[in-house]
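Visitor: TSV, C-alpha atoms, file protein.tsv:
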chain	number	residue	atom	x	y	z
A	1345	MET	CA	-68.47	-69.16	-26.37
A	1346	ARG	CA	-69.36	-68.98	-30.06
A	1347	TRP	CA	-66.02	-67.36	-30.83
A	1348	LEU	CA	-64.19	-70.14	-28.99
A	1349	ALA	CA	-66.27	-72.62	-31.01
A	1350	LEU	CA	-65.09	-70.91	-34.21
A	1351	ALA	CA	-61.49	-71.18	-33.01
A	1352	GLY	CA	-62.14	-74.85	-32.21
A	1353	LEU	CA	-63.50	-75.42	-35.72
A	1354	VAL	CA	-60.34	-73.88	-37.19
A	1355	ILE	CA	-58.23	-76.21	-35.04
A	1356	VAL	CA	-60.22	-79.29	-36.06
A	1357	LEU	CA	-60.09	-78.46	-39.79
A	1358	ASP	CA	-56.40	-77.60	-39.57
A	1359	GLN	CA	-55.43	-80.76	-37.70
A	1360	ALA	CA	-57.61	-83.01	-39.87
A	1361	SER	CA	-56.08	-81.60	-43.06
A	1362	LYS	CA	-52.54	-81.96	-41.71
A	1363	LEU	CA	-53.12	-85.53	-40.57
A	1364	ALA	CA	-54.65	-86.46	-43.93
A	1365	ILE	CA	-51.73	-85.03	-45.90
A	1366	ASP	CA	-49.18	-86.55	-43.51
A	1367	HIS	CA	-50.77	-89.99	-43.96
A	1368	LEU	CA	-51.36	-89.80	-47.71
A	1369	PHE	CA	-48.04	-88.25	-48.76
A	1370	THR	CA	-44.40	-89.06	-48.20
A	1371	TYR	CA	-42.15	-86.20	-47.14
A	1372	GLY	CA	-41.48	-83.91	-50.11
A	1373	GLN	CA	-44.10	-85.55	-52.34
A	1374	ARG	CA	-45.93	-83.09	-54.60
A	1375	VAL	CA	-49.22	-83.51	-56.37
A	1376	ASN	CA	-50.23	-80.92	-58.95
A	1377	VAL	CA	-53.77	-79.62	-58.48
A	1378	LEU	CA	-53.80	-76.49	-60.65
A	1379	PRO	CA	-51.20	-74.86	-62.91
A	1380	VAL	CA	-50.31	-72.55	-59.99
A	1381	PHE	CA	-51.02	-74.82	-57.01
A	1382	ASP	CA	-49.65	-78.10	-55.66
A	1383	LEU	CA	-50.17	-80.13	-52.53
A	1384	ILE	CA	-46.84	-81.00	-50.93
A	1385	LEU	CA	-45.79	-82.46	-47.60
A	1386	VAL	CA	-43.07	-80.42	-45.91
A	1387	TYR	CA	-42.16	-79.77	-42.29
A	1388	ASN	CA	-41.36	-76.32	-40.99
A	1389	HIS	CA	-39.12	-76.26	-37.92
A	1390	GLY	CA	-39.18	-72.46	-37.83
A	1391	ALA	CA	-41.89	-69.83	-37.99
A	1392	ALA	CA	-43.39	-67.96	-40.95
A	1393	PHE	CA	-41.27	-68.23	-44.09
A	1394	SER	CA	-39.12	-70.82	-42.22
A	1395	PHE	CA	-37.72	-68.10	-39.96
A	1396	LEU	CA	-35.12	-69.73	-37.66
A	1397	ALA	CA	-35.78	-73.17	-39.19
A	1398	SER	CA	-32.07	-73.99	-39.37
A	1399	GLU	CA	-31.54	-73.52	-35.62
A	1400	PRO	CA	-30.86	-76.64	-33.51
A	1401	GLY	CA	-34.28	-76.90	-31.84
A	1402	TRP	CA	-34.69	-74.18	-29.23
A	1403	GLN	CA	-37.00	-72.29	-31.63
A	1404	ARG	CA	-39.63	-75.03	-31.24
A	1405	TRP	CA	-40.17	-74.03	-27.62
A	1406	LEU	CA	-39.89	-70.30	-28.30
A	1407	PHE	CA	-42.62	-70.42	-30.96
A	1408	THR	CA	-44.73	-72.74	-28.78
A	1409	LEU	CA	-44.48	-70.27	-25.90
A	1410	LEU	CA	-45.28	-67.32	-28.18
A	1411	GLY	CA	-48.31	-69.16	-29.55
A	1412	LEU	CA	-49.59	-69.97	-26.07
A	1413	VAL	CA	-49.07	-66.39	-24.85
A	1414	ALA	CA	-50.85	-65.06	-27.96
A	1415	ALA	CA	-53.72	-67.50	-27.33
A	1416	ALA	CA	-54.06	-66.37	-23.71
A	1417	VAL	CA	-54.12	-62.71	-24.74
A	1418	ILE	CA	-56.70	-63.39	-27.45
A	1419	VAL	CA	-58.98	-65.28	-25.03
A	1420	TRP	CA	-58.69	-62.34	-22.63
A	1421	LEU	CA	-59.55	-59.91	-25.45
A	1422	LEU	CA	-62.55	-62.01	-26.50
A	1423	ARG	CA	-63.85	-62.08	-22.93
A	1424	ARG	CA	-63.34	-58.34	-22.59
A	1425	GLN	CA	-65.07	-57.75	-25.94
A	1426	ALA	CA	-68.12	-59.73	-24.83
A	1427	ARG	CA	-68.50	-57.48	-21.76
A	1428	THR	CA	-68.45	-54.15	-23.61
A	1429	ALA	CA	-71.52	-51.93	-23.73
A	1430	GLU	CA	-72.13	-52.82	-27.37
A	1431	GLY	CA	-71.95	-56.53	-26.57
A	1432	GLY	CA	-68.78	-57.04	-28.54
A	1433	ARG	CA	-67.97	-56.36	-32.15
A	1434	ALA	CA	-68.59	-59.44	-34.27
A	1435	ARG	CA	-65.99	-58.61	-36.92
A	1436	LEU	CA	-63.27	-58.12	-34.30
A	1437	SER	CA	-64.31	-61.29	-32.47
A	1438	ILE	CA	-64.26	-63.35	-35.68
A	1439	ALA	CA	-60.78	-62.01	-36.48
A	1440	LEU	CA	-59.51	-62.88	-33.01
A	1441	ALA	CA	-61.10	-66.35	-33.14
A	1442	LEU	CA	-59.45	-67.10	-36.49
A	1443	ILE	CA	-56.05	-66.02	-35.16
A	1444	LEU	CA	-56.60	-68.03	-31.97
A	1445	GLY	CA	-57.52	-71.20	-33.85
A	1446	GLY	CA	-54.60	-70.84	-36.24
A	1447	ALA	CA	-52.09	-70.14	-33.50
A	1448	LEU	CA	-53.22	-73.14	-31.46
A	1449	GLY	CA	-53.30	-75.37	-34.55
A	1450	ASN	CA	-49.61	-74.69	-35.12
A	1451	VAL	CA	-48.82	-74.98	-31.39
A	1452	ILE	CA	-50.33	-78.47	-31.41
A	1453	ASP	CA	-47.97	-79.45	-34.25
A	1454	ARG	CA	-44.92	-78.06	-32.47
A	1455	ILE	CA	-45.74	-79.92	-29.26
A	1456	ALA	CA	-46.75	-83.19	-30.94
A	1457	TYR	CA	-44.17	-83.40	-33.75
A	1458	GLY	CA	-41.51	-80.75	-33.14
A	1459	HIS	CA	-42.42	-79.05	-36.43
A	1460	VAL	CA	-45.40	-77.62	-38.28
A	1461	ILE	CA	-46.89	-79.59	-41.15
A	1462	ASP	CA	-47.26	-77.45	-44.29
A	1463	PHE	CA	-48.88	-78.62	-47.51
A	1464	LEU	CA	-50.28	-75.76	-49.62
A	1465	LEU	CA	-47.84	-74.58	-52.29
A	1466	PHE	CA	-48.59	-71.73	-54.68
A	1467	TYR	CA	-46.21	-70.71	-57.46
A	1468	TRP	CA	-45.88	-68.94	-60.77
A	1469	HIS	CA	-43.27	-70.25	-63.21
A	1470	ASP	CA	-40.01	-70.20	-61.18
A	1471	TRP	CA	-41.43	-68.15	-58.28
A	1472	TYR	CA	-42.67	-70.10	-55.24
A	1473	TYR	CA	-44.52	-68.85	-52.19
A	1474	PRO	CA	-43.43	-70.79	-49.09
A	1475	ALA	CA	-45.69	-73.76	-48.32
A	1476	PHE	CA	-48.27	-73.14	-45.60
A	1477	ASN	CA	-51.34	-74.74	-43.99
A	1478	LEU	CA	-54.92	-73.96	-42.92
A	1479	ALA	CA	-53.78	-72.56	-39.55
A	1480	ASP	CA	-51.55	-70.06	-41.37
A	1481	SER	CA	-54.48	-69.17	-43.63
A	1482	ALA	CA	-56.74	-68.56	-40.63
A	1483	ILE	CA	-54.11	-66.36	-38.98
A	1484	THR	CA	-53.70	-64.34	-42.18
A	1485	CYS	CA	-57.47	-63.95	-42.72
A	1486	GLY	CA	-57.86	-62.94	-39.07
A	1487	ALA	CA	-55.09	-60.35	-39.34
A	1488	VAL	CA	-56.62	-58.86	-42.50
A	1489	LEU	CA	-60.01	-58.78	-40.81
A	1490	LEU	CA	-58.46	-56.98	-37.81
A	1491	VAL	CA	-57.14	-54.26	-40.12
A	1492	VAL	CA	-60.49	-54.00	-41.93
A	1493	ASP	CA	-62.33	-53.79	-38.61
A	1494	GLU	CA	-60.08	-51.02	-37.37
A	1495	LEU	CA	-60.35	-49.07	-40.63
A	1496	LEU	CA	-64.15	-49.34	-40.69
A	1497	ARG	CA	-64.43	-48.48	-36.99
A	1498	ASP	CA	-62.20	-45.44	-37.47
A	1499	ARG	CA	-64.21	-44.41	-40.53
A	1500	ALA	CA	-67.49	-44.73	-38.59
A	1501	LYS	CA	-66.11	-42.46	-35.83
A	1502	ASN	CA	-65.35	-39.76	-38.40
What would the structure in this file look like if it were written as structure tokens?
Guide:
Amino acid sequence: MRWLALAGLVIVLDQASKLAIDHLFTYGQRVNVLPVFDLILVYNHGAAFSFLASEPGWQRWLFTLLGLVAAAVIVWLLRRQARTAEGGRARLSIALALILGGALGNVIDRIAYGHVIDFLLFYWHDWYYPAFNLADSAITCGAVLLVVDELLRDRAKN
């Protein structure tokens, strides 16, 4: 249950931040925070890096379905992890919970608005990284933690 609570916390923080930005900003409005970072309100109708964003709308339901399937698989993995002889690996469970919370945070946007609200924009001179949100950050941190967990687990076996 604690891992589902962590996923729930990610969802709450993600949705609260998106709602705040959506209410405080007009679409496309940018506010400089640091020389390499702005807050901006943009909508992503696609997936990561606006993949399929220019399609007529079917991608909304595809990415919603993928997010829900991923969430179901992650919940199954978390339950299975908790039943292992070692009582589950905390690092793996944290990684899965972060990915779960991030995936569901973006699924909520797709269902409620038809797009994902993005607002974090990093750049360097004329180079811009695509805008993203806290859900995307949680997914990325969870994925990195999955790799670290696997590398450390493999190293411990050897």
Visitor: I'd like the neighbourhood of A:Gly1449 as a list of chain:residue names, where a residue qualifies if any of its atoms comes within 9 Å (using only C-alpha atoms), though same-chain residues fewer than 6 positions away should be ignored.
Guide: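 Neighbouring residues, sequence-local ones excluded: A:Val1354, A:Ile1355, A:Val1356, A:Asp1358, A:Gln1359, A:Leu1478, A:Ala1479, A:Asp1480.
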Visitor: Neighbours of stretch 1459-1463 of chain A within 6 Å (all atoms listed in the file; same-chain residues fewer than 2 positions away dropped), as a list in words?
Guide: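 The residues satisfying every condition are Leu1383, Ile1384, Leu1385, Val1386, Tyr1387, Asn1388, His1389, Asp1453, Arg1454, Tyr1457, Ala1475, Phe1476 and Asn1477 of chain A.
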Visitor: Which residue out of A:Thr1370, A:Ala1434, A:Leu1350, A:Leu1440 has the minimum interatomic distance to A:Leu1421 when all atoms listed in the file are used?
Guide: A:Leu1440
Visitor: Give me, please, the distance in Å between atom CA of A:Trp1405 and atom CA of A:Gly1446, quoted to one decimal.
Guide: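 Those two atoms sit 17.1 Å apart.
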Visitor: As an exercise, work out the distance from atom CA of A:Leu1436 to atom CA of A:Ile1452 in Å and give it to one decimal place.
Guide: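 It comes out at 24.3 Å.
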Visitor: I'd like the interatomic distance between atom CA of A:Tyr1467 and atom CA of A:Pro1379, to a tenth of an Å.
Guide: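 Computed distance, atom CA of A:Tyr1467 to atom CA of A:Pro1379, equals 8.5 Å.
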Visitor: Under the rule that only C-alpha atoms are counted, which of A:Phe1369, A:Leu1495, A:Val1413, A:Arg1346 is the nearest residue to A:Leu1448?
Guide: A:Val1413
Visitor: Determine the nearest neighbour of A:Ser1361 from the options A:Ala1456, A:Leu1464, A:Leu1412, A:Ala1426, counting only C-alpha atoms.
Guide: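 Ranking A:Ala1456, A:Leu1464, A:Leu1412, A:Ala1426 by distance to A:Ser1361, first place goes to A:Leu1464.
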